[in-house]
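Q: What follows is query.csv; its format and atoms are CSV, C-alpha atoms.
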```csv
chain,number,residue,atom,x,y,z
A,808,MET,CA,79.0,-100.0,70.1
A,809,LYS,CA,77.6,-96.7,69.0
A,810,LYS,CA,80.9,-94.9,70.0
A,811,ILE,CA,82.9,-97.4,68.1
A,812,THR,CA,80.7,-97.0,65.0
A,813,ALA,CA,81.0,-93.2,65.2
A,814,ILE,CA,84.8,-93.4,65.5
A,815,SER,CA,85.0,-95.8,62.6
A,816,LEU,CA,82.8,-93.5,60.4
A,817,ILE,CA,85.1,-90.5,61.3
A,818,ILE,CA,88.2,-92.5,60.3
A,819,VAL,CA,86.6,-93.5,57.0
A,820,LEU,CA,85.7,-89.9,56.3
A,821,LEU,CA,89.2,-88.7,57.1
A,822,ILE,CA,90.7,-91.4,54.8
A,823,SER,CA,88.4,-90.3,52.0
A,824,VAL,CA,89.3,-86.6,52.4
A,825,LEU,CA,93.0,-87.4,52.5
A,826,ALA,CA,92.7,-89.6,49.4
A,827,GLY,CA,90.8,-86.9,47.6
A,828,CYS,CA,93.5,-84.3,48.5
A,829,SER,CA,96.2,-86.7,47.4
A,830,GLY,CA,94.5,-87.2,44.0
A,831,SER,CA,94.0,-83.5,43.5
A,832,SER,CA,97.7,-82.8,44.2
A,833,SER,CA,98.7,-85.5,41.8
A,834,ASP,CA,96.5,-84.1,39.0
A,835,GLU,CA,98.1,-80.7,39.5
A,836,ASN,CA,101.4,-82.1,38.4
A,837,LEU,CA,100.1,-84.3,35.6
A,838,ILE,CA,99.9,-83.4,31.9
A,839,ARG,CA,97.9,-85.8,29.7
A,840,ILE,CA,98.9,-84.8,26.2
A,841,GLY,CA,97.3,-86.1,23.0
A,842,VAL,CA,99.6,-86.4,20.0
A,843,THR,CA,100.0,-88.1,16.7
A,844,PRO,CA,102.9,-90.5,16.6
A,845,GLU,CA,105.3,-88.8,14.2
A,846,PRO,CA,107.0,-86.4,15.0
A,847,HIS,CA,104.8,-85.2,17.9
A,848,SER,CA,105.2,-88.2,20.2
A,849,LYS,CA,109.0,-88.3,19.7
A,850,LEU,CA,109.3,-84.6,20.5
A,851,VAL,CA,107.3,-84.9,23.7
A,852,ASN,CA,109.2,-88.0,24.7
A,853,LEU,CA,112.3,-86.0,24.3
A,854,VAL,CA,111.3,-83.6,27.1
A,855,VAL,CA,109.6,-86.0,29.5
A,856,ASP,CA,112.6,-86.4,31.8
A,857,ASP,CA,113.3,-82.6,31.9
A,858,LEU,CA,109.7,-82.0,33.0
A,859,GLU,CA,109.9,-84.9,35.5
A,860,ASP,CA,112.9,-83.1,37.1
A,861,GLU,CA,110.5,-80.1,37.6
A,862,GLY,CA,107.9,-82.4,39.3
A,863,ILE,CA,105.7,-82.7,36.3
A,864,THR,CA,104.5,-86.1,35.1
A,865,VAL,CA,103.7,-86.4,31.4
A,866,GLU,CA,101.2,-89.0,30.1
A,867,ILE,CA,101.4,-89.4,26.3
A,868,ILE,CA,98.3,-90.6,24.5
A,869,GLU,CA,98.6,-91.3,20.8
A,870,PHE,CA,95.9,-90.7,18.2
A,871,THR,CA,95.9,-91.6,14.5
A,872,ASP,CA,93.3,-89.1,13.3
A,873,TYR,CA,92.7,-85.4,13.4
A,874,VAL,CA,89.2,-85.4,15.0
A,875,LYS,CA,89.4,-87.1,18.4
A,876,PRO,CA,92.3,-85.0,20.0
A,877,ASN,CA,90.4,-81.8,20.0
A,878,LEU,CA,87.2,-83.4,21.2
A,879,ALA,CA,89.0,-85.2,24.0
A,880,LEU,CA,90.7,-82.0,25.1
A,881,ALA,CA,87.4,-80.1,25.2
A,882,ASP,CA,85.8,-83.0,27.2
A,883,GLY,CA,88.6,-83.0,29.7
A,884,GLU,CA,90.0,-86.4,28.8
A,885,LEU,CA,93.2,-84.6,27.8
A,886,ASP,CA,95.0,-81.5,29.3
A,887,VAL,CA,96.9,-80.6,26.1
A,888,ASN,CA,97.1,-81.7,22.5
A,889,PHE,CA,99.9,-81.3,20.0
A,890,PHE,CA,99.1,-82.4,16.4
A,891,GLN,CA,97.7,-79.6,14.4
A,892,HIS,CA,98.3,-76.1,12.9
A,893,GLN,CA,96.3,-73.0,13.7
A,894,PRO,CA,94.1,-72.8,10.5
A,895,TYR,CA,92.9,-76.4,11.3
A,896,LEU,CA,92.2,-75.6,14.9
A,897,ASP,CA,90.3,-72.4,14.0
A,898,ASP,CA,88.2,-74.3,11.5
A,899,PHE,CA,87.5,-77.3,13.7
A,900,ALA,CA,86.8,-75.3,16.8
A,901,GLU,CA,84.3,-73.1,15.0
A,902,ALA,CA,82.5,-76.1,13.5
A,903,GLU,CA,82.3,-78.0,16.8
A,904,GLY,CA,81.8,-75.0,19.1
A,905,LEU,CA,85.0,-75.7,21.1
A,906,ASP,CA,86.8,-73.1,23.2
A,907,LEU,CA,90.5,-74.0,22.8
A,908,ALA,CA,93.6,-71.8,22.9
A,909,THR,CA,97.2,-72.0,21.5
A,910,ILE,CA,100.1,-71.6,23.9
A,911,GLY,CA,102.9,-71.8,21.3
A,912,THR,CA,104.3,-73.1,18.0
A,913,VAL,CA,106.9,-75.9,17.7
A,914,HIS,CA,107.5,-77.0,14.1
A,915,VAL,CA,106.3,-77.0,10.5
A,916,GLU,CA,105.7,-80.3,8.7
A,917,PRO,CA,105.9,-79.4,5.1
A,918,MET,CA,103.2,-80.8,3.0
A,919,ALA,CA,104.4,-82.4,-0.3
A,920,LEU,CA,103.2,-84.1,-3.4
A,921,TYR,CA,104.4,-87.7,-3.8
A,922,LEU,CA,104.2,-89.5,-7.1
A,923,ASN,CA,103.6,-93.2,-7.7
A,924,GLU,CA,105.4,-93.9,-11.0
A,925,ALA,CA,106.2,-90.5,-12.4
A,926,THR,CA,109.4,-88.8,-11.2
A,927,SER,CA,108.7,-85.2,-12.1
A,928,LEU,CA,105.7,-82.9,-12.7
A,929,GLU,CA,106.3,-83.1,-16.5
A,930,GLU,CA,105.8,-86.9,-16.3
A,931,ILE,CA,102.4,-86.7,-14.7
A,932,PRO,CA,100.0,-88.2,-17.3
A,933,ASP,CA,96.9,-86.5,-18.6
A,934,GLY,CA,93.9,-87.5,-16.4
A,935,ALA,CA,96.1,-88.6,-13.5
A,936,GLU,CA,94.4,-89.2,-10.2
A,937,ILE,CA,95.8,-87.1,-7.3
A,938,ALA,CA,94.6,-87.7,-3.8
A,939,ILE,CA,94.4,-84.9,-1.2
A,940,PRO,CA,93.2,-84.7,2.4
A,941,ASN,CA,89.4,-84.4,2.8
A,942,ASP,CA,89.3,-82.0,5.7
A,943,THR,CA,88.5,-78.4,4.8
A,944,VAL,CA,91.8,-76.8,5.7
A,945,ASN,CA,94.3,-79.4,4.6
A,946,GLY,CA,92.4,-80.0,1.4
A,947,GLY,CA,92.7,-76.3,0.6
A,948,ARG,CA,96.3,-76.3,1.6
A,949,ALA,CA,97.0,-79.2,-0.8
A,950,LEU,CA,95.2,-77.4,-3.7
A,951,ILE,CA,97.2,-74.2,-3.1
A,952,LEU,CA,100.4,-76.3,-3.3
A,953,LEU,CA,99.3,-77.7,-6.6
A,954,GLU,CA,98.3,-74.3,-7.9
A,955,SER,CA,101.6,-72.7,-6.8
A,956,ASN,CA,103.4,-75.2,-9.0
A,957,GLY,CA,101.3,-74.7,-12.1
A,958,LEU,CA,99.3,-77.9,-12.0
A,959,ILE,CA,95.9,-76.2,-11.5
A,960,LYS,CA,94.5,-72.8,-11.1
A,961,LEU,CA,91.9,-72.0,-8.5
A,962,LYS,CA,89.0,-69.5,-8.7
A,963,GLU,CA,89.9,-66.1,-7.5
A,964,GLY,CA,89.2,-65.7,-3.8
A,965,ALA,CA,89.0,-69.4,-3.1
A,966,GLY,CA,91.3,-69.0,-0.2
A,967,LEU,CA,92.6,-71.5,2.4
A,968,GLU,CA,89.3,-73.4,2.3
A,969,ALA,CA,89.3,-74.1,-1.4
A,970,THR,CA,87.9,-77.5,-2.6
A,971,GLU,CA,88.2,-79.4,-5.8
A,972,ASN,CA,85.0,-77.5,-6.9
A,973,ASP,CA,87.1,-74.3,-6.9
A,974,ILE,CA,89.4,-75.5,-9.7
A,975,ALA,CA,89.1,-73.0,-12.5
A,976,GLU,CA,91.8,-74.4,-14.8
A,977,ASN,CA,93.1,-77.9,-15.0
A,978,PRO,CA,95.5,-78.3,-18.0
A,979,LYS,CA,96.4,-81.9,-17.2
A,980,ASN,CA,92.7,-82.9,-16.5
A,981,LEU,CA,93.8,-84.1,-13.1
A,982,LYS,CA,91.2,-86.1,-11.1
A,983,ILE,CA,91.3,-84.8,-7.6
A,984,THR,CA,90.2,-87.3,-5.0
A,985,ALA,CA,89.7,-86.2,-1.4
A,986,LEU,CA,90.4,-88.9,1.2
A,987,GLU,CA,91.0,-89.1,5.0
A,988,ALA,CA,94.5,-87.6,5.6
A,989,ALA,CA,95.8,-90.6,7.5
A,990,ALA,CA,94.9,-92.9,4.7
A,991,LEU,CA,96.8,-91.1,2.0
A,992,PRO,CA,100.2,-92.9,2.3
A,993,ARG,CA,98.4,-96.3,2.1
A,994,VAL,CA,96.6,-95.4,-1.2
A,995,LEU,CA,99.6,-93.8,-2.9
A,996,GLU,CA,100.3,-97.0,-4.8
A,997,GLU,CA,96.7,-97.0,-6.1
A,998,VAL,CA,96.7,-93.4,-7.5
A,999,ASP,CA,99.1,-91.4,-9.6
A,1000,GLY,CA,100.1,-89.1,-6.7
A,1001,ALA,CA,99.0,-87.8,-3.3
A,1002,VAL,CA,99.5,-84.6,-1.4
A,1003,ILE,CA,100.3,-85.9,2.1
A,1004,ASN,CA,100.7,-84.1,5.5
A,1005,GLY,CA,104.2,-84.2,6.9
A,1006,ASN,CA,103.4,-86.3,10.0
A,1007,PHE,CA,101.6,-89.0,8.0
A,1008,ALA,CA,104.3,-89.1,5.4
A,1009,LEU,CA,107.0,-89.5,8.0
A,1010,GLN,CA,105.1,-92.4,9.7
A,1011,ALA,CA,105.1,-94.1,6.3
A,1012,GLY,CA,108.8,-93.7,5.8
A,1013,LEU,CA,108.5,-90.8,3.4
A,1014,ASN,CA,110.6,-87.6,3.8
A,1015,PRO,CA,109.0,-84.5,2.3
A,1016,ALA,CA,112.3,-82.9,1.5
A,1017,LYS,CA,113.7,-86.0,-0.2
A,1018,ASP,CA,110.7,-87.9,-1.6
A,1019,GLY,CA,108.3,-85.1,-2.4
A,1020,VAL,CA,108.3,-83.8,-6.0
A,1021,ILE,CA,107.0,-80.5,-4.8
A,1022,ILE,CA,107.0,-79.2,-1.2
A,1023,GLU,CA,105.9,-76.3,0.9
A,1024,GLY,CA,108.6,-73.8,1.7
A,1025,LYS,CA,109.9,-73.1,5.2
A,1026,GLU,CA,107.8,-69.9,5.3
A,1027,SER,CA,104.6,-72.0,5.5
A,1028,PRO,CA,102.1,-70.5,7.9
A,1029,TYR,CA,101.0,-74.0,9.0
A,1030,ALA,CA,103.2,-74.4,12.1
A,1031,ASN,CA,102.2,-77.1,14.5
A,1032,ILE,CA,100.9,-75.8,17.8
A,1033,VAL,CA,100.4,-76.8,21.5
A,1034,VAL,CA,96.8,-76.4,22.5
A,1035,VAL,CA,94.9,-76.2,25.9
A,1036,ARG,CA,91.4,-75.3,27.0
A,1037,ALA,CA,90.8,-71.5,26.8
A,1038,GLY,CA,91.5,-69.9,30.2
A,1039,GLU,CA,94.3,-72.3,31.1
A,1040,GLU,CA,97.0,-70.9,28.9
A,1041,LYS,CA,98.9,-69.3,31.8
A,1042,GLU,CA,99.0,-72.4,34.0
A,1043,GLU,CA,102.6,-73.0,35.2
A,1044,LYS,CA,102.8,-76.7,34.1
A,1045,TYR,CA,101.7,-75.8,30.5
A,1046,GLN,CA,104.2,-72.9,30.3
A,1047,LYS,CA,106.9,-75.3,31.4
A,1048,LEU,CA,105.8,-77.7,28.7
A,1049,ILE,CA,106.0,-75.2,25.9
A,1050,LYS,CA,109.3,-73.9,27.1
A,1051,ALA,CA,110.7,-77.4,27.0
A,1052,LEU,CA,109.3,-78.1,23.5
A,1053,GLN,CA,110.9,-74.8,22.3
A,1054,SER,CA,114.3,-75.6,23.7
A,1055,ASP,CA,117.7,-75.8,21.9
A,1056,GLU,CA,117.6,-79.6,22.5
A,1057,VAL,CA,114.4,-80.0,20.6
A,1058,LYS,CA,115.5,-77.7,17.8
A,1059,SER,CA,118.8,-79.7,17.4
A,1060,PHE,CA,116.9,-83.0,17.4
A,1061,ILE,CA,114.6,-81.8,14.6
A,1062,GLU,CA,117.4,-80.5,12.5
A,1063,GLU,CA,119.6,-83.6,13.0
A,1064,ASN,CA,116.9,-86.3,12.5
A,1065,TYR,CA,114.4,-85.0,9.9
A,1066,GLU,CA,116.7,-83.5,7.3
A,1067,GLY,CA,114.1,-80.9,6.2
A,1068,GLY,CA,111.1,-83.1,6.6
A,1069,VAL,CA,110.3,-81.2,9.8
A,1070,VAL,CA,111.4,-77.6,10.3
A,1071,PRO,CA,111.7,-75.8,13.7
A,1072,ALA,CA,109.2,-72.9,14.1
A,1073,PHE,CA,110.6,-71.1,17.1
```
Once you've parsed the file, please lay out its structure as structure tokens.
A:
Amino acid sequence: MKKITAISLIIVLLISVLAGCSGSSSDENLIRIGVTPEPHSKLVNLVVDDLEDEGITVEIIEFTDYVKPNLALADGELDVNFFQHQPYLDDFAEAEGLDLATIGTVHVEPMALYLNEATSLEEIPDGAEIAIPNDTVNGGRALILLESNGLIKLKEGAGLEATENDIAENPKNLKITALEAAALPRVLEEVDGAVINGNFALQAGLNPAKDGVIIEGKESPYANIVVVRAGEEKEEKYQKLIKALQSDEVKSFIEENYEGGVVPAF
């Protein structure tokens, strides 16, 4: 009986070791990537089959906010995320003490001002309420867009992290309301206008190039990036991912489907 028990124990141990090795091998060929739905999820889905041909399985996890994807990546729940630009990553990582790294840029989603009833800047009424994103970087980005089109003037040196408190001149007496970026399309009908990030605008059926009254230029420094944990930038599967996302296939898809609402950045 003792011999049988010993043999059984050895078999169980061998099965456990083999199962562990199998799981490890599988993880080596798996990429869990966190994205926002539009256009990030579509672009990743475009290259899933190509990566599968190279032995890499891609698991796409969608988020509807700008906070969780970086925290999930740092905690190991994700391997990669693709939803943000470099200024946002730098600001968020510093605030949260995260050690994340960029492996490449894919596209720019031009931020634009959308109006509710007015059809031009001249028609914006005195005292109009304009909603902007409430996170530090995108809020500043929105204010810079308004300033560059003569609606406000910011204090000298306000920079990319400008807030509504940095407005020095406001000829139309605009009321600037900072709200969560994802909520801006939903509140557009309740305000006079909103400066909306490209991905959330696209999700709501708005095209920055067609529906925006003013829009960032193609030279915008806010290109969307693919991010991993620091120290993992050179891993082969991640390099294959960024190569696939910077392919001619992806560039053609962007140009043919978004009509200026998304612009290739590679």
Q: Around (90.4, -87.4, 13.4) in the file's frame, which residues reach within 12 Å when counting only C-alpha atoms? Return as a PyMOL selection string?
A: chain A and resi 841-843+869-879+890-891+895+899+940-942+987-990
Q: Would you mind listing what lies within 9 Å of Leu991 (chain A) as a list in words, with all atoms listed in the file counted and same-chain residues fewer than 4 positions away left out?
A: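 Non-adjacent residues within range: Ala938, Ile939, Pro940, Leu986, Glu987, Leu995, Ala1001, Val1002, Ile1003, Asn1004, Phe1007 and Ala1008 of chain A.
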Q: Fewer than 2 positions away in the same chain doesn't count, so skip those; otherwise give me all residues within 7 Å of region 1024-1029 of chain A, counting only C-alpha atoms, as a ChimeraX atom specification.
A: /A:892-893,915,1022,1031,1070
Q: Compare A:Pro844, A:Gly957, A:Gly862, A:Gly947 by their minimum atom-to-atom distance to Phe889 (chain A), counting only C-alpha atoms, and give me the closest one.
A: A:Pro844
Q: If we count all atoms listed in the file and set the cut-off at 10 Å, which residues sit around Glu1040 (chain A), ignoring sequence neighbours fewer than 3 positions away in its own chain? Please answer as a PDB file with C-alpha atoms, in the frame of the given file.
A:
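Output saved as selection_17.pdb:
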```pdb
ATOM      1  CA  LEU A 907      90.500 -74.000  22.800  1.00  0.00           C
ATOM      2  CA  ALA A 908      93.600 -71.800  22.900  1.00  0.00           C
ATOM      3  CA  THR A 909      97.200 -72.000  21.500  1.00  0.00           C
ATOM      4  CA  ILE A 910     100.100 -71.600  23.900  1.00  0.00           C
ATOM      5  CA  GLY A 911     102.900 -71.800  21.300  1.00  0.00           C
ATOM      6  CA  VAL A1034      96.800 -76.400  22.500  1.00  0.00           C
ATOM      7  CA  VAL A1035      94.900 -76.200  25.900  1.00  0.00           C
ATOM      8  CA  ARG A1036      91.400 -75.300  27.000  1.00  0.00           C
ATOM      9  CA  ALA A1037      90.800 -71.500  26.800  1.00  0.00           C
ATOM     10  CA  GLU A1043     102.600 -73.000  35.200  1.00  0.00           C
ATOM     11  CA  LYS A1044     102.800 -76.700  34.100  1.00  0.00           C
ATOM     12  CA  TYR A1045     101.700 -75.800  30.500  1.00  0.00           C
ATOM     13  CA  GLN A1046     104.200 -72.900  30.300  1.00  0.00           C
TER      14      GLN A1046
END
```
Q: Env of Ile863 (chain A): 10 Å cut, atoms = only C-alpha atoms, seq-sep filter 5 positions within chain, self excluded. Answer as an MDAnalysis selection string.
A: chainID A and resid 833:838 855:858 1044:1045 1047:1048
Q: Taking the point (90.3, -67.1, -10.0) as given in the file, collect each protein or nucleic acid residue that comes within 10 Å of it, counting only C-alpha atoms, and present the set as a list of chain:residue names.
A: A:Lys960, A:Leu961, A:Lys962, A:Glu963, A:Gly964, A:Ala965, A:Asp973, A:Ile974, A:Ala975, A:Glu976
Q: Rank A:Glu1039, A:Glu861, A:Glu1023, A:Glu1063 by their smallest atom-to-atom distance to Leu920 (chain A), using all atoms listed in the file, and report the top residue only.
A: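 The answer is A:Glu1023, which sits nearest to Leu920 (chain A).
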